[in-house]
Amino acid sequence: MQPTLQQRCTKIYQRLHARYRLPASMLEWHNPWELLVATVLAAQCTDARVNMVTPVFFRRWPGPAELSTAPVAEVEQMVRSTGFFRQKAKNLVATARIIVHEYDGRVPETMAELLTLPGVARKTANIVLSNAFHKHEGIAVDTHVRRLSFRLGLTISTNPTIIERDMMQLFPREQWGEINHLLVLYGREICRARKPLCSECVLEDLCPRNGVVG
DNA sequence: ATCCCGAGGG
DNA sequence: CCCTCTGGAT
């Protein structure tokens with residue numbers, strides 16, 4: 001008797017939760033603004049690299065007020081090593097200006113408002129909402145969540161919006177924030193993009209690769 | 001679909 | 001060389 005999709009998700013959560021207990025992002029931050037900046041910089045970049053940049057960044061520009069008047073060229077050099085540096089610098093300065101002028105200098109706390117910021121889509125907004133404000137409006141779908149949800153047969157889509165909708169159906173809301181961290185950690189350690197360590201996998205009996213009906 | 005973009009691993 | 005890293009806008 002094959003387990004249902006829901007039953008598999010329950011087991012996936014239980015096993016990864018047991019493995020990682022209270023998982024957190026490796027990004028280093030001290031307030032919502034720092035988490036927002038770090039998450040924008042994390043696009044197509046490792047957390048370790050972001051963490052090399054952000055301490056210097058926040059010493060130079062501690063908050064949105066300081067960044068809003070910074071020369072974009074100087075910001076570009078600061079974030080250069082994270083890749084996509086022209087886009088990220090331009091978006092971060094523009095975001096700082098919007099937060100200063102439209103939100104009284106504070107990072108907005110709703111999905112709709114966060115999505116108005118340049119360079120911020122649902123993935124970044126979900127990370128900020130769940131981690132900085134403890135609001136779980138959705139599930140952050142990044143490269144790891146996309147790869148693992150597909151491999152585990154939790155979605156047949158490669159579209160992040162559809163993947164998020166599928167995942168929201170499969171996991172209870174109180175797990176939405178944590179499931180992102182669990183899948184990211186497991187994706188980095190075991191279910192890696194390049195050479196997944198299937199022989200060490202604790203989800204082996206739940207994976208379509210081993211005959212479980214997707 | 002394509003572009004943005006540097007750094008590290010293999 | 002190629003692939004990947006907690007994406008987003010056009």
# chains A, B, ... in the order shown; residues from 1 in each chain; ligands from 1

$ interface_residues --of "chain A" --to "chain B" --cutoff "6 Å" --atoms "only C-alpha atoms (C1' of nucleotides)" --output "PyMOL selection string"
chain A and resi 81-84

$ select_by_dssp --residues "range 19-142 of chain A" --states "helix (DSSP H, G or I)" --output "VMD selection string"
chain A and resid 19 to 20 32 to 41 47 to 60 64 to 68 72 to 82 85 to 102 111 to 114 122 to 132

$ interface_residues --of "chain A" --to "chain C" --cutoff "9 Å" --atoms "only C-alpha atoms (C1' of nucleotides)" --output "mmCIF file with N, CA, C and O atoms, in the first residue's frame"
data_model
loop_
_atom_site.group_PDB
_atom_site.id
_atom_site.type_symbol
_atom_site.label_atom_id
_atom_site.label_comp_id
_atom_site.auth_asym_id
_atom_site.auth_seq_id
_atom_site.Cartn_x
_atom_site.Cartn_y
_atom_site.Cartn_z
ATOM 1 N N SER A 25 18.099 30.226 8.729
ATOM 2 C CA SER A 25 18.925 30.589 7.591
ATOM 3 C C SER A 25 20.345 30.839 8.063
ATOM 4 O O SER A 25 20.585 31.190 9.218
ATOM 5 N N THR A 39 18.687 39.139 1.982
ATOM 6 C CA THR A 39 17.929 38.219 1.134
ATOM 7 C C THR A 39 17.978 38.652 -0.328
ATOM 8 O O THR A 39 18.086 37.816 -1.227
ATOM 9 N N VAL A 40 17.929 39.943 -0.574
ATOM 10 C CA VAL A 40 18.078 40.433 -1.953
ATOM 11 C C VAL A 40 19.459 40.054 -2.491
ATOM 12 O O VAL A 40 19.608 39.592 -3.620
ATOM 13 N N ALA A 42 21.190 37.600 -1.693
ATOM 14 C CA ALA A 42 21.370 36.148 -1.745
ATOM 15 C C ALA A 42 20.908 35.535 -3.061
ATOM 16 O O ALA A 42 21.077 34.330 -3.265
ATOM 17 N N ALA A 43 20.347 36.344 -3.954
ATOM 18 C CA ALA A 43 19.891 35.808 -5.242
ATOM 19 C C ALA A 43 21.067 35.227 -6.014
ATOM 20 O O ALA A 43 22.040 35.929 -6.297
ATOM 21 N N GLN A 44 20.994 33.945 -6.352
ATOM 22 C CA GLN A 44 22.034 33.261 -7.124
ATOM 23 C C GLN A 44 23.406 33.466 -6.495
ATOM 24 O O GLN A 44 24.388 33.777 -7.189
ATOM 25 N N CYS A 45 23.470 33.348 -5.186
ATOM 26 C CA CYS A 45 24.718 33.573 -4.449
ATOM 27 C C CYS A 45 24.653 32.778 -3.149
ATOM 28 O O CYS A 45 23.564 32.575 -2.606
ATOM 29 N N THR A 46 25.790 32.315 -2.686
ATOM 30 C CA THR A 46 25.784 31.541 -1.452
ATOM 31 C C THR A 46 25.618 32.456 -0.233
ATOM 32 O O THR A 46 26.027 33.621 -0.260
ATOM 33 N N ASP A 47 25.033 31.908 0.842
ATOM 34 C CA ASP A 47 24.891 32.671 2.087
ATOM 35 C C ASP A 47 26.253 33.113 2.610
ATOM 36 O O ASP A 47 26.411 34.213 3.129
ATOM 37 N N PRO A 118 11.326 47.256 -5.596
ATOM 38 C CA PRO A 118 12.038 46.709 -6.760
ATOM 39 C C PRO A 118 13.027 45.628 -6.356
ATOM 40 O O PRO A 118 13.767 45.788 -5.387
ATOM 41 N N GLY A 119 12.992 44.513 -7.058
ATOM 42 C CA GLY A 119 13.883 43.403 -6.741
ATOM 43 C C GLY A 119 13.331 42.486 -5.677
ATOM 44 O O GLY A 119 14.005 41.544 -5.249
ATOM 45 N N VAL A 120 12.103 42.747 -5.231
ATOM 46 C CA VAL A 120 11.464 41.894 -4.228
ATOM 47 C C VAL A 120 10.251 41.206 -4.846
ATOM 48 O O VAL A 120 9.322 41.884 -5.281
ATOM 49 N N ALA A 121 10.293 39.868 -4.910
ATOM 50 C CA ALA A 121 9.132 39.093 -5.351
ATOM 51 C C ALA A 121 8.732 38.163 -4.200
ATOM 52 O O ALA A 121 9.171 38.339 -3.068
ATOM 53 N N LYS A 123 9.463 35.159 -3.201
ATOM 54 C CA LYS A 123 10.468 34.432 -2.429
ATOM 55 C C LYS A 123 11.054 35.323 -1.332
ATOM 56 O O LYS A 123 11.069 34.953 -0.156
ATOM 57 N N THR A 124 11.544 36.497 -1.723
ATOM 58 C CA THR A 124 12.148 37.409 -0.758
ATOM 59 C C THR A 124 11.118 37.886 0.258
ATOM 60 O O THR A 124 11.403 37.941 1.461
ATOM 61 N N ALA A 140 8.444 30.302 0.877
ATOM 62 C CA ALA A 140 9.507 30.818 0.020
ATOM 63 C C ALA A 140 10.039 29.695 -0.868
ATOM 64 O O ALA A 140 10.524 28.683 -0.368
ATOM 65 N N VAL A 141 9.915 29.876 -2.171
ATOM 66 C CA VAL A 141 10.390 28.872 -3.128
ATOM 67 C C VAL A 141 11.660 29.380 -3.809
ATOM 68 O O VAL A 141 11.613 30.295 -4.621
ATOM 69 N N ASP A 142 12.766 28.791 -3.415
ATOM 70 C CA ASP A 142 14.053 29.147 -4.006
ATOM 71 C C ASP A 142 14.572 27.943 -4.781
ATOM 72 O O ASP A 142 13.865 26.980 -5.002
ATOM 73 N N THR A 143 15.831 28.004 -5.160
ATOM 74 C CA THR A 143 16.377 26.938 -6.006
ATOM 75 C C THR A 143 16.342 25.576 -5.301
ATOM 76 O O THR A 143 16.083 24.549 -5.932
ATOM 77 N N HIS A 144 16.559 25.561 -3.972
ATOM 78 C CA HIS A 144 16.551 24.286 -3.252
ATOM 79 C C HIS A 144 15.136 23.736 -3.098
ATOM 80 O O HIS A 144 14.897 22.555 -3.318
ATOM 81 N N VAL A 145 14.197 24.596 -2.708
ATOM 82 C CA VAL A 145 12.811 24.152 -2.543
ATOM 83 C C VAL A 145 12.266 23.659 -3.879
ATOM 84 O O VAL A 145 11.564 22.645 -3.943
ATOM 85 N N ASN A 180 10.710 25.753 4.505
ATOM 86 C CA ASN A 180 11.723 26.361 3.630
ATOM 87 C C ASN A 180 13.133 26.063 4.145
ATOM 88 O O ASN A 180 13.978 25.563 3.415
ATOM 89 N N HIS A 181 13.364 26.354 5.406
ATOM 90 C CA HIS A 181 14.696 26.135 5.970
ATOM 91 C C HIS A 181 15.078 24.656 5.925
ATOM 92 O O HIS A 181 16.216 24.306 5.643
ATOM 93 N N VAL A 184 15.992 23.684 2.378
ATOM 94 C CA VAL A 184 17.258 24.319 1.976
ATOM 95 C C VAL A 184 18.441 23.588 2.621
ATOM 96 O O VAL A 184 19.423 23.253 1.951
ATOM 97 N N ALA A 193 22.209 19.521 -5.770
ATOM 98 C CA ALA A 193 21.859 19.669 -7.186
ATOM 99 C C ALA A 193 22.694 18.725 -8.049
ATOM 100 O O ALA A 193 22.157 18.045 -8.915
ATOM 101 N N ARG A 194 23.988 18.728 -7.789
ATOM 102 C CA ARG A 194 24.908 18.020 -8.696
ATOM 103 C C ARG A 194 24.944 16.514 -8.465
ATOM 104 O O ARG A 194 24.525 15.745 -9.290
#

$ atom_distance --atom1 "CA of Thr69 in chain A" --atom2 "CA of His101 in chain A"
12.0 Å

$ atom_distance --atom1 "CA of His30 in chain A" --atom2 "CA of Ala132 in chain A"
9.2 Å

$ decode --residues "chain C" --atoms "all heavy atoms" --output "tab-separated table (two decimals), in the first residue's frame"
chain	number	residue	atom	x	y	z
C	1	DC	P	35.41	28.97	-21.28
C	1	DC	OP1	36.41	29.33	-22.15
C	1	DC	OP2	34.50	29.75	-20.53
C	1	DC	O5'	34.84	27.49	-21.41
C	1	DC	C5'	35.54	26.50	-22.16
C	1	DC	C4'	35.25	25.16	-21.55
C	1	DC	O4'	36.16	24.90	-20.47
C	1	DC	C3'	33.86	25.08	-20.94
C	1	DC	O3'	32.96	24.64	-21.92
C	1	DC	C2'	34.02	24.05	-19.84
C	1	DC	C1'	35.50	24.10	-19.47
C	1	DC	N1	35.81	24.70	-18.14
C	1	DC	C2	35.42	24.04	-16.98
C	1	DC	O2	34.84	22.96	-17.07
C	1	DC	N3	35.72	24.59	-15.78
C	1	DC	C4	36.37	25.75	-15.71
C	1	DC	N4	36.65	26.26	-14.52
C	1	DC	C5	36.77	26.45	-16.88
C	1	DC	C6	36.47	25.89	-18.07
C	2	DC	P	31.43	25.18	-21.86
C	2	DC	OP1	30.77	24.69	-23.09
C	2	DC	OP2	31.44	26.62	-21.55
C	2	DC	O5'	30.81	24.41	-20.62
C	2	DC	C5'	30.81	23.00	-20.60
C	2	DC	C4'	30.29	22.54	-19.24
C	2	DC	O4'	31.24	22.93	-18.22
C	2	DC	C3'	28.95	23.19	-18.87
C	2	DC	O3'	28.01	22.21	-18.51
C	2	DC	C2'	29.29	24.11	-17.71
C	2	DC	C1'	30.55	23.50	-17.13
C	2	DC	N1	31.44	24.50	-16.48
C	2	DC	C2	31.76	24.36	-15.14
C	2	DC	O2	31.31	23.38	-14.52
C	2	DC	N3	32.55	25.29	-14.56
C	2	DC	C4	33.01	26.33	-15.26
C	2	DC	N4	33.79	27.21	-14.64
C	2	DC	C5	32.69	26.49	-16.63
C	2	DC	C6	31.91	25.57	-17.20
C	3	DC	P	26.47	22.66	-18.21
C	3	DC	OP1	25.62	21.54	-18.66
C	3	DC	OP2	26.23	24.04	-18.67
C	3	DC	O5'	26.45	22.68	-16.61
C	3	DC	C5'	26.86	21.53	-15.91
C	3	DC	C4'	26.83	21.82	-14.40
C	3	DC	O4'	27.89	22.74	-14.08
C	3	DC	C3'	25.52	22.46	-13.92
C	3	DC	O3'	25.08	21.73	-12.79
C	3	DC	C2'	25.92	23.89	-13.57
C	3	DC	C1'	27.39	23.74	-13.21
C	3	DC	N1	28.21	24.96	-13.43
C	3	DC	C2	28.92	25.52	-12.36
C	3	DC	O2	28.82	24.99	-11.24
C	3	DC	N3	29.68	26.62	-12.57
C	3	DC	C4	29.75	27.16	-13.79
C	3	DC	N4	30.52	28.24	-13.96
C	3	DC	C5	29.05	26.60	-14.89
C	3	DC	C6	28.30	25.51	-14.66
C	4	DT	P	23.56	21.92	-12.26
C	4	DT	OP1	23.11	20.64	-11.73
C	4	DT	OP2	22.74	22.64	-13.26
C	4	DT	O5'	23.78	22.92	-11.03
C	4	DT	C5'	24.60	22.52	-9.95
C	4	DT	C4'	24.87	23.69	-9.05
C	4	DT	O4'	25.75	24.62	-9.70
C	4	DT	C3'	23.62	24.50	-8.64
C	4	DT	O3'	23.37	24.29	-7.27
C	4	DT	C2'	23.99	25.94	-8.94
C	4	DT	C1'	25.50	25.89	-9.17
C	4	DT	N1	26.04	26.87	-10.11
C	4	DT	C2	27.01	27.76	-9.68
C	4	DT	O2	27.44	27.78	-8.54
C	4	DT	N3	27.47	28.63	-10.64
C	4	DT	C4	27.05	28.70	-11.96
C	4	DT	O4	27.54	29.52	-12.72
C	4	DT	C5	26.04	27.75	-12.34
C	4	DT	C7	25.52	27.76	-13.75
C	4	DT	C6	25.58	26.89	-11.41
C	5	DC	P	22.11	24.96	-6.56
C	5	DC	OP1	21.65	24.01	-5.53
C	5	DC	OP2	21.16	25.49	-7.54
C	5	DC	O5'	22.80	26.19	-5.83
C	5	DC	C5'	23.87	25.96	-4.93
C	5	DC	C4'	24.43	27.30	-4.47
C	5	DC	O4'	25.00	27.98	-5.59
C	5	DC	C3'	23.36	28.24	-3.86
C	5	DC	O3'	23.92	28.88	-2.72
C	5	DC	C2'	23.15	29.27	-4.98
C	5	DC	C1'	24.52	29.31	-5.63
C	5	DC	N1	24.53	29.75	-7.05
C	5	DC	C2	25.46	30.72	-7.46
C	5	DC	O2	26.21	31.22	-6.64
C	5	DC	N3	25.47	31.08	-8.77
C	5	DC	C4	24.64	30.51	-9.63
C	5	DC	N4	24.69	30.89	-10.91
C	5	DC	C5	23.70	29.52	-9.24
C	5	DC	C6	23.67	29.17	-7.94
C	6	DT	P	23.11	28.58	-1.28
C	6	DT	OP1	23.72	29.47	-0.28
C	6	DT	OP2	23.11	27.14	-1.10
C	6	DT	O5'	21.59	28.99	-1.49
C	6	DT	C5'	21.17	30.29	-1.81
C	6	DT	C4'	19.72	30.25	-2.28
C	6	DT	O4'	18.93	29.65	-1.24
C	6	DT	C3'	19.10	31.61	-2.54
C	6	DT	O3'	18.13	31.50	-3.58
C	6	DT	C2'	18.41	31.94	-1.23
C	6	DT	C1'	17.92	30.54	-0.83
C	6	DT	N1	17.76	30.41	0.62
C	6	DT	C2	16.49	30.40	1.13
C	6	DT	O2	15.50	30.50	0.47
C	6	DT	N3	16.43	30.28	2.50
C	6	DT	C4	17.49	30.17	3.39
C	6	DT	O4	17.32	30.05	4.58
C	6	DT	C5	18.79	30.17	2.78
C	6	DT	C7	20.02	29.99	3.61
C	6	DT	C6	18.86	30.29	1.46
C	7	DG	P	18.45	31.77	-5.06
C	7	DG	OP1	17.81	30.75	-5.88
C	7	DG	OP2	19.89	32.00	-5.13
C	7	DG	O5'	17.75	33.19	-5.35
C	7	DG	C5'	16.32	33.26	-5.40
C	7	DG	C4'	15.98	34.68	-5.77
C	7	DG	O4'	16.68	35.00	-6.98
C	7	DG	C3'	14.50	34.92	-6.03
C	7	DG	O3'	14.18	36.18	-5.48
C	7	DG	C2'	14.39	34.86	-7.55
C	7	DG	C1'	15.77	35.37	-8.00
C	7	DG	N9	16.27	34.79	-9.24
C	7	DG	C8	16.14	33.48	-9.67
C	7	DG	N7	16.71	33.27	-10.81
C	7	DG	C5	17.24	34.50	-11.17
C	7	DG	C6	17.98	34.88	-12.31
C	7	DG	O6	18.32	34.20	-13.28
C	7	DG	N1	18.31	36.23	-12.28
C	7	DG	C2	18.01	37.10	-11.27
C	7	DG	N2	18.41	38.35	-11.39
C	7	DG	N3	17.33	36.75	-10.19
C	7	DG	C4	16.97	35.44	-10.21
C	8	DG	P	12.69	36.76	-5.66
C	8	DG	OP1	12.44	37.61	-4.48
C	8	DG	OP2	11.74	35.69	-6.00
C	8	DG	O5'	12.86	37.72	-6.91
C	8	DG	C5'	13.75	38.82	-6.80
C	8	DG	C4'	13.72	39.62	-8.08
C	8	DG	O4'	14.37	38.88	-9.14
C	8	DG	C3'	12.32	39.99	-8.58
C	8	DG	O3'	12.28	41.37	-8.79
C	8	DG	C2'	12.18	39.20	-9.89
C	8	DG	C1'	13.62	39.03	-10.33
C	8	DG	N9	13.87	37.84	-11.14
C	8	DG	C8	13.44	36.56	-10.90
C	8	DG	N7	13.84	35.71	-11.80
C	8	DG	C5	14.58	36.46	-12.70
C	8	DG	C6	15.27	36.09	-13.88
C	8	DG	O6	15.35	34.97	-14.39
C	8	DG	N1	15.88	37.17	-14.48
C	8	DG	C2	15.86	38.46	-14.01
C	8	DG	N2	16.51	39.38	-14.72
C	8	DG	N3	15.22	38.83	-12.90
C	8	DG	C4	14.61	37.79	-12.30
C	9	DA	P	10.94	42.09	-9.31
C	9	DA	OP1	10.80	43.32	-8.53
C	9	DA	OP2	9.85	41.10	-9.37
C	9	DA	O5'	11.33	42.50	-10.81
C	9	DA	C5'	12.51	43.26	-11.01
C	9	DA	C4'	12.76	43.47	-12.50
C	9	DA	O4'	13.16	42.24	-13.12
C	9	DA	C3'	11.55	43.98	-13.29
C	9	DA	O3'	11.98	45.01	-14.16
C	9	DA	C2'	11.07	42.76	-14.05
C	9	DA	C1'	12.37	41.98	-14.26
C	9	DA	N9	12.18	40.53	-14.35
C	9	DA	C8	11.44	39.74	-13.51
C	9	DA	N7	11.48	38.46	-13.81
C	9	DA	C5	12.30	38.41	-14.93
C	9	DA	C6	12.75	37.34	-15.72
C	9	DA	N6	12.39	36.07	-15.51
C	9	DA	N1	13.55	37.62	-16.76
C	9	DA	C2	13.91	38.90	-16.97
C	9	DA	N3	13.55	39.99	-16.28
C	9	DA	C4	12.75	39.68	-15.26
C	10	DT	P	10.93	45.86	-15.01
C	10	DT	OP1	11.40	47.25	-15.00
C	10	DT	OP2	9.56	45.52	-14.57
C	10	DT	O5'	11.13	45.27	-16.48
C	10	DT	C5'	12.40	45.34	-17.09
C	10	DT	C4'	12.40	44.51	-18.38
C	10	DT	O4'	12.32	43.11	-18.05
C	10	DT	C3'	11.22	44.80	-19.30
C	10	DT	O3'	11.69	45.46	-20.47
C	10	DT	C2'	10.65	43.42	-19.67
C	10	DT	C1'	11.67	42.45	-19.12
C	10	DT	N1	11.10	41.20	-18.58
C	10	DT	C2	11.46	40.00	-19.13
C	10	DT	O2	12.23	39.89	-20.05
C	10	DT	N3	10.86	38.90	-18.55
C	10	DT	C4	9.95	38.89	-17.51
C	10	DT	O4	9.49	37.85	-17.09
C	10	DT	C5	9.63	40.19	-16.97
C	10	DT	C7	8.65	40.29	-15.86
C	10	DT	C6	10.20	41.28	-17.53
